[in-house]
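Raw contents of upload_3.cif, mmCIF, C-alpha atoms and all ligand atoms:
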```
data_model
#
loop_
_atom_site.label_atom_id
_atom_site.label_comp_id
_atom_site.auth_asym_id
_atom_site.auth_seq_id
_atom_site.Cartn_x
_atom_site.Cartn_y
_atom_site.Cartn_z
CA MET A 90 -13.53 -29.30 -4.29
CA ASN A 91 -10.64 -26.88 -4.63
CA LEU A 92 -10.32 -24.01 -2.21
CA LEU A 93 -10.20 -20.63 -3.89
CA LYS A 94 -8.19 -18.06 -1.99
CA HIS A 95 -6.82 -15.89 -4.76
CA VAL A 96 -8.13 -14.86 -8.17
CA ALA A 97 -5.95 -12.82 -10.54
CA ILE A 98 -7.44 -11.11 -13.57
CA ILE A 99 -6.03 -9.66 -16.78
CA MET A 100 -8.84 -7.25 -17.65
CA ASP A 101 -8.35 -7.17 -21.39
CA GLY A 102 -10.60 -5.74 -24.08
CA ASN A 103 -11.57 -2.28 -22.84
CA GLY A 104 -10.15 -0.50 -25.87
CA ARG A 105 -11.88 -2.78 -28.39
CA TRP A 106 -15.18 -2.55 -26.49
CA GLY A 107 -14.98 1.24 -26.44
CA LEU A 108 -14.22 1.51 -30.16
CA LYS A 109 -17.01 -0.92 -31.05
CA ASN A 110 -19.68 0.60 -28.85
CA LYS A 111 -18.80 4.28 -28.34
CA ASN A 112 -16.14 5.02 -30.91
CA SER A 113 -13.58 5.76 -28.19
CA ARG A 114 -11.08 3.53 -26.38
CA ASN A 115 -11.43 5.61 -23.23
CA ALA A 116 -15.17 4.89 -23.06
CA GLY A 117 -14.12 1.25 -22.84
CA HIS A 118 -11.95 1.98 -19.79
CA LYS A 119 -14.86 3.80 -18.15
CA ALA A 120 -17.11 0.79 -18.77
CA GLY A 121 -14.30 -1.49 -17.57
CA LEU A 122 -14.31 0.24 -14.20
CA LYS A 123 -17.98 -0.68 -13.77
CA THR A 124 -17.04 -4.33 -14.32
CA VAL A 125 -14.30 -3.94 -11.70
CA GLU A 126 -16.92 -2.84 -9.17
CA LYS A 127 -19.22 -5.77 -10.02
CA ILE A 128 -16.40 -8.29 -9.77
CA ILE A 129 -15.25 -6.92 -6.40
CA LYS A 130 -18.78 -7.47 -5.04
CA ALA A 131 -18.97 -10.97 -6.48
CA THR A 132 -15.53 -11.79 -5.04
CA ILE A 133 -16.74 -10.84 -1.56
CA ARG A 134 -19.94 -12.85 -2.00
CA ASN A 135 -17.84 -15.89 -2.89
CA LYS A 136 -15.62 -15.40 0.18
CA ILE A 137 -12.42 -15.14 -1.86
CA LYS A 138 -9.66 -13.44 0.13
CA HIS A 139 -7.44 -12.02 -2.63
CA LEU A 140 -8.28 -10.35 -5.93
CA THR A 141 -5.39 -9.16 -8.08
CA LEU A 142 -6.26 -6.86 -10.96
CA TYR A 143 -3.85 -6.00 -13.76
CA ALA A 144 -4.70 -2.34 -14.24
CA PHE A 145 -1.52 -0.92 -15.84
CA SER A 146 1.62 -2.73 -17.00
CA THR A 147 5.16 -1.42 -17.39
CA GLU A 148 4.53 -1.78 -21.14
CA ASN A 149 1.33 0.31 -21.07
CA TRP A 150 3.46 3.51 -20.96
CA LYS A 151 3.80 3.03 -24.74
CA ARG A 152 0.13 4.07 -25.17
CA PRO A 153 -0.89 7.58 -26.30
CA LYS A 154 -0.57 10.16 -23.52
CA LYS A 155 -4.29 10.95 -23.77
CA GLU A 156 -5.23 7.37 -22.91
CA ILE A 157 -2.71 7.12 -20.06
CA THR A 158 -3.97 10.38 -18.55
CA TYR A 159 -7.56 9.17 -18.85
CA LEU A 160 -6.76 5.90 -17.07
CA PHE A 161 -5.00 7.63 -14.19
CA ASP A 162 -7.81 10.20 -13.85
CA LEU A 163 -10.27 7.32 -13.69
CA LEU A 164 -8.21 5.69 -10.96
CA GLU A 165 -7.87 8.97 -9.03
CA ASN A 166 -11.62 9.56 -9.10
CA PHE A 167 -12.27 5.96 -8.13
CA LEU A 168 -10.02 6.27 -5.08
CA ILE A 169 -11.43 9.64 -4.05
CA SER A 170 -15.03 8.51 -4.33
CA ARG A 171 -14.78 4.89 -3.20
CA ILE A 172 -11.99 4.39 -0.68
CA GLU A 173 -14.10 5.10 2.42
CA GLU A 174 -16.76 2.70 1.18
CA LEU A 175 -14.14 0.00 0.54
CA HIS A 176 -12.74 0.65 4.01
CA LYS A 177 -16.18 0.29 5.60
CA GLN A 178 -16.58 -3.03 3.80
CA ASN A 179 -13.36 -4.23 5.45
CA ILE A 180 -11.48 -4.31 2.12
CA ARG A 181 -7.73 -3.80 1.97
CA LEU A 182 -6.16 -2.12 -1.05
CA LYS A 183 -2.57 -2.87 -1.94
CA VAL A 184 -0.59 -1.67 -4.91
CA ILE A 185 1.82 -4.09 -6.55
CA GLY A 186 4.08 -2.14 -8.87
CA ILE A 187 6.21 0.96 -8.74
CA LYS A 188 4.37 4.11 -7.72
CA ASN A 189 5.94 6.67 -10.03
CA PHE A 190 2.84 8.54 -11.12
CA SER A 191 1.91 12.17 -10.40
CA THR A 192 2.54 13.27 -6.81
CA LYS A 193 -1.24 13.49 -6.36
CA LEU A 194 -1.87 9.91 -7.49
CA ASN A 195 1.15 8.54 -5.60
CA ASN A 196 -0.09 10.17 -2.38
CA LEU A 197 -3.64 9.03 -2.97
CA LEU A 198 -2.49 5.45 -3.48
CA SER A 199 -0.29 5.49 -0.38
CA LYS A 200 -3.09 7.06 1.68
CA SER A 201 -5.58 4.44 0.46
CA GLU A 202 -3.16 1.61 1.29
CA LYS A 203 -2.55 3.02 4.76
CA ARG A 204 -6.23 3.66 5.46
CA THR A 205 -7.22 0.10 4.60
CA SER A 206 -4.10 -1.71 5.82
CA LYS A 207 -5.77 -3.48 8.74
CA ASN A 208 -8.79 -4.74 6.78
CA THR A 209 -9.32 -8.46 6.48
CA LYS A 210 -12.38 -9.37 4.38
CA LEU A 211 -10.83 -9.04 0.94
CA GLN A 212 -7.43 -7.80 -0.24
CA ILE A 213 -7.45 -6.13 -3.63
CA ASN A 214 -3.98 -6.14 -5.14
CA LEU A 215 -3.92 -3.51 -7.82
CA ALA A 216 -1.13 -4.21 -10.30
CA LEU A 217 -0.11 -0.75 -11.42
CA ASN A 218 3.03 0.00 -13.36
CA TYR A 219 3.67 -3.69 -12.79
CA GLY A 220 5.94 -5.94 -14.84
CA SER A 221 6.93 -9.43 -13.82
CA LYS A 222 10.40 -9.37 -15.39
CA PHE A 223 11.25 -6.15 -13.59
CA GLU A 224 9.92 -7.66 -10.35
CA LEU A 225 12.09 -10.78 -10.74
CA ILE A 226 15.26 -8.86 -11.61
CA ASN A 227 14.69 -6.67 -8.59
CA ALA A 228 14.18 -9.73 -6.38
CA PHE A 229 17.43 -11.34 -7.58
CA LYS A 230 19.34 -8.08 -7.02
CA ASN A 231 18.07 -7.91 -3.43
CA LEU A 232 18.84 -11.56 -2.88
CA LYS A 233 22.43 -10.94 -3.99
CA LYS A 234 22.78 -7.74 -1.98
CA ASN A 235 21.67 -9.49 1.22
CA LYS A 236 23.72 -12.62 0.41
CA ASP A 237 20.59 -14.78 0.80
CA LYS A 238 20.50 -18.35 -0.46
CA ILE A 239 18.66 -18.85 -3.74
CA THR A 240 15.57 -20.75 -2.64
CA GLU A 241 11.92 -20.61 -3.68
CA LYS A 242 10.98 -19.13 -0.33
CA ASN A 243 13.67 -16.43 -0.49
CA ILE A 244 12.78 -15.42 -4.05
CA SER A 245 9.10 -15.10 -3.08
CA LYS A 246 10.15 -12.95 -0.13
CA TYR A 247 11.62 -10.30 -2.43
CA LEU A 248 8.73 -10.16 -4.87
CA LEU A 249 6.15 -7.38 -4.76
CA THR A 250 3.62 -10.07 -3.81
CA LYS A 251 5.44 -10.89 -0.55
CA ASN A 252 2.92 -12.33 1.95
CA ILE A 253 0.28 -12.80 -0.76
CA PRO A 254 -0.53 -16.44 -1.61
CA ASP A 255 0.01 -17.39 -5.25
CA PRO A 256 -3.13 -17.11 -7.40
CA ASP A 257 -5.16 -20.31 -7.61
CA LEU A 258 -6.95 -19.01 -10.67
CA LEU A 259 -6.05 -16.61 -13.48
CA ILE A 260 -8.74 -15.21 -15.74
CA ARG A 261 -7.92 -13.27 -18.90
CA THR A 262 -10.80 -11.71 -20.80
CA GLY A 263 -10.66 -10.29 -24.31
CA ASP A 264 -10.10 -13.47 -26.33
CA THR A 265 -6.29 -13.30 -26.14
CA LYS A 266 -4.15 -16.12 -24.86
CA ARG A 267 -0.99 -14.72 -23.33
CA LEU A 268 0.37 -13.70 -19.92
CA SER A 269 1.66 -10.23 -20.88
CA ASN A 270 4.43 -10.10 -18.26
CA PHE A 271 1.96 -10.72 -15.41
CA LEU A 272 2.96 -12.69 -12.26
CA LEU A 273 5.21 -15.10 -14.20
CA TRP A 274 6.64 -16.65 -11.03
CA GLN A 275 3.41 -16.64 -9.03
CA LEU A 276 1.28 -18.28 -11.75
CA ALA A 277 3.49 -21.41 -11.94
CA TYR A 278 0.64 -23.69 -10.78
CA SER A 279 -2.46 -21.56 -11.32
CA GLU A 280 -5.42 -22.74 -13.35
CA ILE A 281 -5.82 -20.44 -16.35
CA PHE A 282 -9.12 -19.51 -17.98
CA PHE A 283 -9.20 -17.50 -21.20
CA GLU A 284 -12.53 -15.79 -21.69
CA LYS A 285 -13.78 -14.63 -25.08
CA LYS A 286 -15.80 -11.70 -23.77
CA LEU A 287 -14.23 -8.24 -23.61
CA TRP A 288 -13.75 -7.00 -20.02
CA PRO A 289 -16.67 -4.49 -20.00
CA ASP A 290 -19.03 -7.31 -21.10
CA PHE A 291 -17.77 -9.76 -18.47
CA ASN A 292 -20.27 -10.18 -15.65
CA GLU A 293 -20.93 -11.99 -12.38
CA LYS A 294 -22.55 -14.94 -14.16
CA ASP A 295 -19.44 -15.48 -16.31
CA TYR A 296 -17.27 -15.18 -13.21
CA ILE A 297 -19.31 -17.72 -11.22
CA LYS A 298 -19.23 -20.15 -14.16
CA ILE A 299 -15.41 -20.04 -14.16
CA ILE A 300 -15.26 -20.36 -10.37
CA LYS A 301 -17.48 -23.47 -10.50
CA LYS A 302 -15.29 -25.03 -13.21
CA PHE A 303 -12.18 -24.20 -11.20
CA LYS A 304 -13.57 -25.83 -8.07
CA ASN A 305 -14.06 -29.11 -9.91
CA ILE A 306 -10.66 -29.36 -11.58
CA LYS A 307 -8.44 -32.17 -10.38
CA ARG A 308 -5.33 -30.26 -9.32
CA ASN A 309 -2.34 -32.58 -9.16
CA PHE A 310 0.59 -30.21 -8.67
CA GLY A 311 2.82 -32.68 -10.51
CA ASN A 312 1.47 -35.68 -8.60
CA ILE A 313 -0.99 -38.16 -10.14
C1 LIG B 1 -6.69 -3.63 -21.00
O1 LIG B 1 -7.57 -3.41 -22.07
C2 LIG B 1 -7.03 -2.77 -19.89
C3 LIG B 1 -6.20 -1.86 -19.33
C4 LIG B 1 -4.81 -1.64 -19.77
C5 LIG B 1 -6.64 -1.01 -18.22
C6 LIG B 1 -7.53 -1.64 -17.22
C7 LIG B 1 -8.34 -0.60 -16.58
C8 LIG B 1 -9.63 -0.72 -16.16
C9 LIG B 1 -10.37 -2.00 -16.16
C10 LIG B 1 -10.41 0.45 -15.68
C11 LIG B 1 -9.79 1.18 -14.59
C12 LIG B 1 -9.52 0.33 -13.41
C13 LIG B 1 -9.26 0.84 -12.20
C14 LIG B 1 -8.97 -0.08 -11.09
C15 LIG B 1 -9.32 2.29 -11.94
P1 LIG B 1 -7.01 -2.82 -23.42
O2 LIG B 1 -7.19 -1.35 -23.40
O3 LIG B 1 -5.63 -3.31 -23.65
O4 LIG B 1 -8.00 -3.46 -24.46
P2 LIG B 1 -7.72 -3.81 -25.97
O5 LIG B 1 -6.95 -5.10 -25.97
O6 LIG B 1 -9.09 -3.98 -26.52
O7 LIG B 1 -6.96 -2.67 -26.58
#
```
Step by step, read the file and then write its structure as C-alpha cells.
Ligand code: FPP
Amino acid sequence: MNLLKHVAIIMDGNGRWGLKNKNSRNAGHKAGLKTVEKIIKATIRNKIKHLTLYAFSTENWKRPKKEITYLFDLLENFLISRIEELHKQNIRLKVIGIKNFSTKLNNLLSKSEKRTSKNTKLQINLALNYGSKFELINAFKNLKKNKDKITEKNISKYLLTKNIPDPDLLIRTGDTKRLSNFLLWQLAYSEIFFEKKLWPDFNEKDYIKIIKKFKNIKRNFGNI
C-alpha cells in the first residue's frame, strides 16, 4: 500500500456549478468553499500531512474584476472567521504564491501563516497568485545569482514549495484534463486523478474512493 503524505487539488468547476444551479459564477465559489471545509476535515481524518489547494492562479487575474473581488472577499472572511479554529486543530496554513493583494488581505495572510507556523497535524498550502512557470524562472534566477550548481535538490530549494514533499496524488475536478500551470516540477511522479464532478459537488465519499485507488496503484518510479 502506498503512503499518502501529500494531496494537491485543482478545484475546478465552481463557475459552471454556480451558473447551472444559481445563475451566478460567484455562488459557485461560495459553494466551493464549503467543499474546501469538508475536504480539510476528511484530510485530517485520513492522517494526510499536506493538502495543497489551487485557489487562484497567476492567469486568474484575467477574470472580471467583480469575480476576483468576490473570491478575495470570500478568502478574507474565511481567514477572519476560521483561523483560530484551524489553529486549535493544530493546522498550519502556508501560502505558496506571491502575496500582492490588498494590504488588508496580505496582512491577514501573513498573520495567519505566523499564527499557525508551529502546527503539525496538517499543513494546508494555499496556492494563491501561483504560477509554476513564474516559480521556476524565479528559482533559476536565484540559482544563478547564488552561483549554485544546477541539481534537482538545488532547484527544489528555490521553489515556493521548499521543505514541502512533492504531491503523491493530484486530483482535478471539473471534467477537464490539464495541469493549468500548477506545480509542473513537483508533479513529475504524482498519480493524477481527473474527476468528472464539479468542485462544489465533490464530497468526502468521492475523495475516499480516489485515496483507496491511489493506495493500491503499483508505483514504479521508472523501475519495473
Ligand atoms: C476554479 O473554478 C476555481 C477557482 C479559480 C477558485 C477556487 C476557489 C474556491 C474553491 C473557493 C474559495 C477558496 C478559499 C480557500 C477561500 P472555475 O471558476 O474556474 O470553474 P469553471 O471552470 O466552471 O469556470
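For the pair atom CA of Ser199 of chain A and atom CA of Glu165 of chain A, the separation is 12.0 Å.
Residues of protein, DNA or RNA lying at most 6 Å from ligand LIG 1 (chain B), when all atoms listed in the file are considered, are A:Met100, A:Asp101, A:Gly102, A:Asn103, A:Gly104, A:Arg105, A:His118, A:Gly121, A:Leu122, A:Ala144, A:Phe145, A:Leu163, A:Leu164.
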Legend entry - One-decimal distance in Å that lies between atom CA of Asn135 of chain A and atom CA of Leu175 of chain A: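 The value is 16.7 Å.
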Inset, instruction - Measure the distance from atom CA of Ser191 of chain A to atom CA of Glu224 of chain A in Å and round it to one decimal. - result: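 So the two atoms, atom CA of Ser191 of chain A and atom CA of Glu224 of chain A, lie 21.4 Å apart.
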Need the shell around Phe310 of chain A: protein/DNA/RNA residues with any atom at most 12 Å away, counting only C-alpha atoms. Skip same-chain ones fewer than 5 positions apart. Format as a CSV table (one decimal) with C-alpha atoms, in the frame of the given file?
```csv
chain,number,residue,atom,x,y,z
A,257,ASP,CA,-5.2,-20.3,-7.6
A,277,ALA,CA,3.5,-21.4,-11.9
A,278,TYR,CA,0.6,-23.7,-10.8
A,279,SER,CA,-2.5,-21.6,-11.3
A,280,GLU,CA,-5.4,-22.7,-13.4
```
Legend entry - Among the residues A:Asp237, A:Asn166, A:Phe282, A:Phe161, the one that comes closest to Phe190 of chain A [using all atoms listed in the file]: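 Result for the nearest residue to Phe190 of chain A: A:Phe161.
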Legend entry - Close residues, Leu225 of chain A itself excluded, 12 Å, only C-alpha atoms, min 6 positions apart in chain, as a PyMOL selection string: chain A and resi 186+219+231-232+243-250+270-275
Legend entry - Residue nearest Gln212 of chain A among A:Lys119, A:Lys193, A:Lys266, A:Lys138 (counting only C-alpha atoms):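 Checking each candidate against Gln212 of chain A, we get A:Lys138 as the closest.
Using all atoms listed in the file for every distance, the candidate list A:Lys200, A:Tyr143, A:Thr205, A:Glu156 yields A:Tyr143 as the residue closest to Leu259 of chain A.
With only C-alpha atoms as the atoms that count, the minimum distance from His139 of chain A to the choices A:Glu174, A:Asp255, A:Glu202, A:Glu284 is reached by A:Asp255.
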Working from the structure I just supplied, which lacks atoms in segment 224-235 of chain A, can you model all heavy atoms there and output them as a PDB file, in the frame of the given file?
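Saved the output as selection_2.pdb:
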```pdb
ATOM      1  N   GLU A 224      10.097  -7.177 -11.730  1.00  0.00           N
ATOM      2  CA  GLU A 224       9.920  -7.660 -10.350  1.00  0.00           C
ATOM      3  C   GLU A 224      10.947  -8.758 -10.018  1.00  0.00           C
ATOM      4  O   GLU A 224      11.548  -8.768  -8.947  1.00  0.00           O
ATOM      5  CB  GLU A 224       8.498  -8.201 -10.206  1.00  0.00           C
ATOM      6  CG  GLU A 224       8.184  -8.765  -8.836  1.00  0.00           C
ATOM      7  CD  GLU A 224       6.850  -9.515  -8.813  1.00  0.00           C
ATOM      8  OE1 GLU A 224       6.500 -10.172  -9.815  1.00  0.00           O
ATOM      9  OE2 GLU A 224       6.160  -9.449  -7.794  1.00  0.00           O
ATOM     10  N   LEU A 225      11.155  -9.668 -10.982  1.00  0.00           N
ATOM     11  CA  LEU A 225      12.090 -10.780 -10.740  1.00  0.00           C
ATOM     12  C   LEU A 225      13.538 -10.285 -10.694  1.00  0.00           C
ATOM     13  O   LEU A 225      14.308 -10.694  -9.818  1.00  0.00           O
ATOM     14  CB  LEU A 225      11.912 -11.844 -11.834  1.00  0.00           C
ATOM     15  CG  LEU A 225      10.685 -12.740 -11.641  1.00  0.00           C
ATOM     16  CD1 LEU A 225      10.336 -13.489 -12.909  1.00  0.00           C
ATOM     17  CD2 LEU A 225      10.907 -13.735 -10.498  1.00  0.00           C
ATOM     18  N   ILE A 226      13.886  -9.392 -11.608  1.00  0.00           N
ATOM     19  CA  ILE A 226      15.260  -8.860 -11.610  1.00  0.00           C
ATOM     20  C   ILE A 226      15.543  -8.169 -10.282  1.00  0.00           C
ATOM     21  O   ILE A 226      16.581  -8.365  -9.648  1.00  0.00           O
ATOM     22  CB  ILE A 226      15.461  -7.882 -12.807  1.00  0.00           C
ATOM     23  CG1 ILE A 226      15.457  -8.664 -14.119  1.00  0.00           C
ATOM     24  CG2 ILE A 226      16.742  -7.073 -12.659  1.00  0.00           C
ATOM     25  CD1 ILE A 226      15.383  -7.803 -15.376  1.00  0.00           C
ATOM     26  N   ASN A 227      14.563  -7.390  -9.846  1.00  0.00           N
ATOM     27  CA  ASN A 227      14.690  -6.670  -8.590  1.00  0.00           C
ATOM     28  C   ASN A 227      14.859  -7.642  -7.403  1.00  0.00           C
ATOM     29  O   ASN A 227      15.663  -7.403  -6.506  1.00  0.00           O
ATOM     30  CB  ASN A 227      13.422  -5.828  -8.417  1.00  0.00           C
ATOM     31  CG  ASN A 227      13.651  -4.685  -7.502  1.00  0.00           C
ATOM     32  OD1 ASN A 227      14.663  -4.011  -7.600  1.00  0.00           O
ATOM     33  ND2 ASN A 227      12.732  -4.503  -6.575  1.00  0.00           N
ATOM     34  N   ALA A 228      14.097  -8.731  -7.449  1.00  0.00           N
ATOM     35  CA  ALA A 228      14.180  -9.730  -6.380  1.00  0.00           C
ATOM     36  C   ALA A 228      15.578 -10.366  -6.351  1.00  0.00           C
ATOM     37  O   ALA A 228      16.188 -10.504  -5.283  1.00  0.00           O
ATOM     38  CB  ALA A 228      13.113 -10.807  -6.585  1.00  0.00           C
ATOM     39  N   PHE A 229      16.101 -10.718  -7.540  1.00  0.00           N
ATOM     40  CA  PHE A 229      17.430 -11.340  -7.580  1.00  0.00           C
ATOM     41  C   PHE A 229      18.517 -10.365  -7.108  1.00  0.00           C
ATOM     42  O   PHE A 229      19.448 -10.756  -6.414  1.00  0.00           O
ATOM     43  CB  PHE A 229      17.760 -11.841  -9.003  1.00  0.00           C
ATOM     44  CG  PHE A 229      16.848 -12.950  -9.466  1.00  0.00           C
ATOM     45  CD1 PHE A 229      16.328 -12.966 -10.754  1.00  0.00           C
ATOM     46  CD2 PHE A 229      16.484 -13.981  -8.610  1.00  0.00           C
ATOM     47  CE1 PHE A 229      15.472 -13.985 -11.182  1.00  0.00           C
ATOM     48  CE2 PHE A 229      15.632 -15.002  -9.018  1.00  0.00           C
ATOM     49  CZ  PHE A 229      15.125 -15.005 -10.307  1.00  0.00           C
ATOM     50  N   LYS A 230      18.360  -9.087  -7.466  1.00  0.00           N
ATOM     51  CA  LYS A 230      19.340  -8.080  -7.020  1.00  0.00           C
ATOM     52  C   LYS A 230      19.346  -7.997  -5.497  1.00  0.00           C
ATOM     53  O   LYS A 230      20.415  -7.953  -4.877  1.00  0.00           O
ATOM     54  CB  LYS A 230      18.969  -6.699  -7.596  1.00  0.00           C
ATOM     55  CG  LYS A 230      19.428  -6.490  -9.021  1.00  0.00           C
ATOM     56  CD  LYS A 230      19.139  -5.062  -9.453  1.00  0.00           C
ATOM     57  CE  LYS A 230      19.455  -4.851 -10.912  1.00  0.00           C
ATOM     58  NZ  LYS A 230      18.815  -3.652 -11.452  1.00  0.00           N
ATOM     59  N   ASN A 231      18.158  -7.996  -4.891  1.00  0.00           N
ATOM     60  CA  ASN A 231      18.070  -7.910  -3.430  1.00  0.00           C
ATOM     61  C   ASN A 231      18.601  -9.165  -2.745  1.00  0.00           C
ATOM     62  O   ASN A 231      19.235  -9.103  -1.696  1.00  0.00           O
ATOM     63  CB  ASN A 231      16.629  -7.656  -2.987  1.00  0.00           C
ATOM     64  CG  ASN A 231      16.267  -6.203  -3.166  1.00  0.00           C
ATOM     65  OD1 ASN A 231      17.079  -5.318  -2.903  1.00  0.00           O
ATOM     66  ND2 ASN A 231      15.061  -5.951  -3.638  1.00  0.00           N
ATOM     67  N   LEU A 232      18.354 -10.281  -3.390  1.00  0.00           N
ATOM     68  CA  LEU A 232      18.840 -11.560  -2.880  1.00  0.00           C
ATOM     69  C   LEU A 232      20.369 -11.530  -2.807  1.00  0.00           C
ATOM     70  O   LEU A 232      20.981 -11.930  -1.821  1.00  0.00           O
ATOM     71  CB  LEU A 232      18.380 -12.639  -3.866  1.00  0.00           C
ATOM     72  CG  LEU A 232      18.038 -14.004  -3.338  1.00  0.00           C
ATOM     73  CD1 LEU A 232      16.739 -13.943  -2.555  1.00  0.00           C
ATOM     74  CD2 LEU A 232      17.809 -14.967  -4.507  1.00  0.00           C
ATOM     75  N   LYS A 233      20.968 -11.004  -3.894  1.00  0.00           N
ATOM     76  CA  LYS A 233      22.430 -10.940  -3.990  1.00  0.00           C
ATOM     77  C   LYS A 233      22.981  -9.949  -2.965  1.00  0.00           C
ATOM     78  O   LYS A 233      23.936 -10.257  -2.252  1.00  0.00           O
ATOM     79  CB  LYS A 233      22.779 -10.511  -5.420  1.00  0.00           C
ATOM     80  CG  LYS A 233      24.201 -10.766  -5.803  1.00  0.00           C
ATOM     81  CD  LYS A 233      24.405 -10.534  -7.287  1.00  0.00           C
ATOM     82  CE  LYS A 233      25.862 -10.360  -7.579  1.00  0.00           C
ATOM     83  NZ  LYS A 233      26.068  -9.901  -8.952  1.00  0.00           N
ATOM     84  N   LYS A 234      22.321  -8.790  -2.909  1.00  0.00           N
ATOM     85  CA  LYS A 234      22.780  -7.740  -1.980  1.00  0.00           C
ATOM     86  C   LYS A 234      22.795  -8.252  -0.530  1.00  0.00           C
ATOM     87  O   LYS A 234      23.711  -7.987   0.223  1.00  0.00           O
ATOM     88  CB  LYS A 234      21.834  -6.529  -2.111  1.00  0.00           C
ATOM     89  CG  LYS A 234      22.413  -5.255  -1.543  1.00  0.00           C
ATOM     90  CD  LYS A 234      21.610  -4.029  -1.920  1.00  0.00           C
ATOM     91  CE  LYS A 234      20.433  -3.862  -0.975  1.00  0.00           C
ATOM     92  NZ  LYS A 234      19.489  -2.841  -1.443  1.00  0.00           N
ATOM     93  N   ASN A 235      21.778  -9.004  -0.168  1.00  0.00           N
ATOM     94  CA  ASN A 235      21.670  -9.490   1.220  1.00  0.00           C
ATOM     95  C   ASN A 235      22.331 -10.859   1.416  1.00  0.00           C
ATOM     96  O   ASN A 235      22.202 -11.465   2.482  1.00  0.00           O
ATOM     97  CB  ASN A 235      20.204  -9.564   1.632  1.00  0.00           C
ATOM     98  CG  ASN A 235      19.588  -8.185   1.679  1.00  0.00           C
ATOM     99  OD1 ASN A 235      20.253  -7.224   2.067  1.00  0.00           O
ATOM    100  ND2 ASN A 235      18.347  -8.065   1.271  1.00  0.00           N
TER     101      ASN A 235
END
```
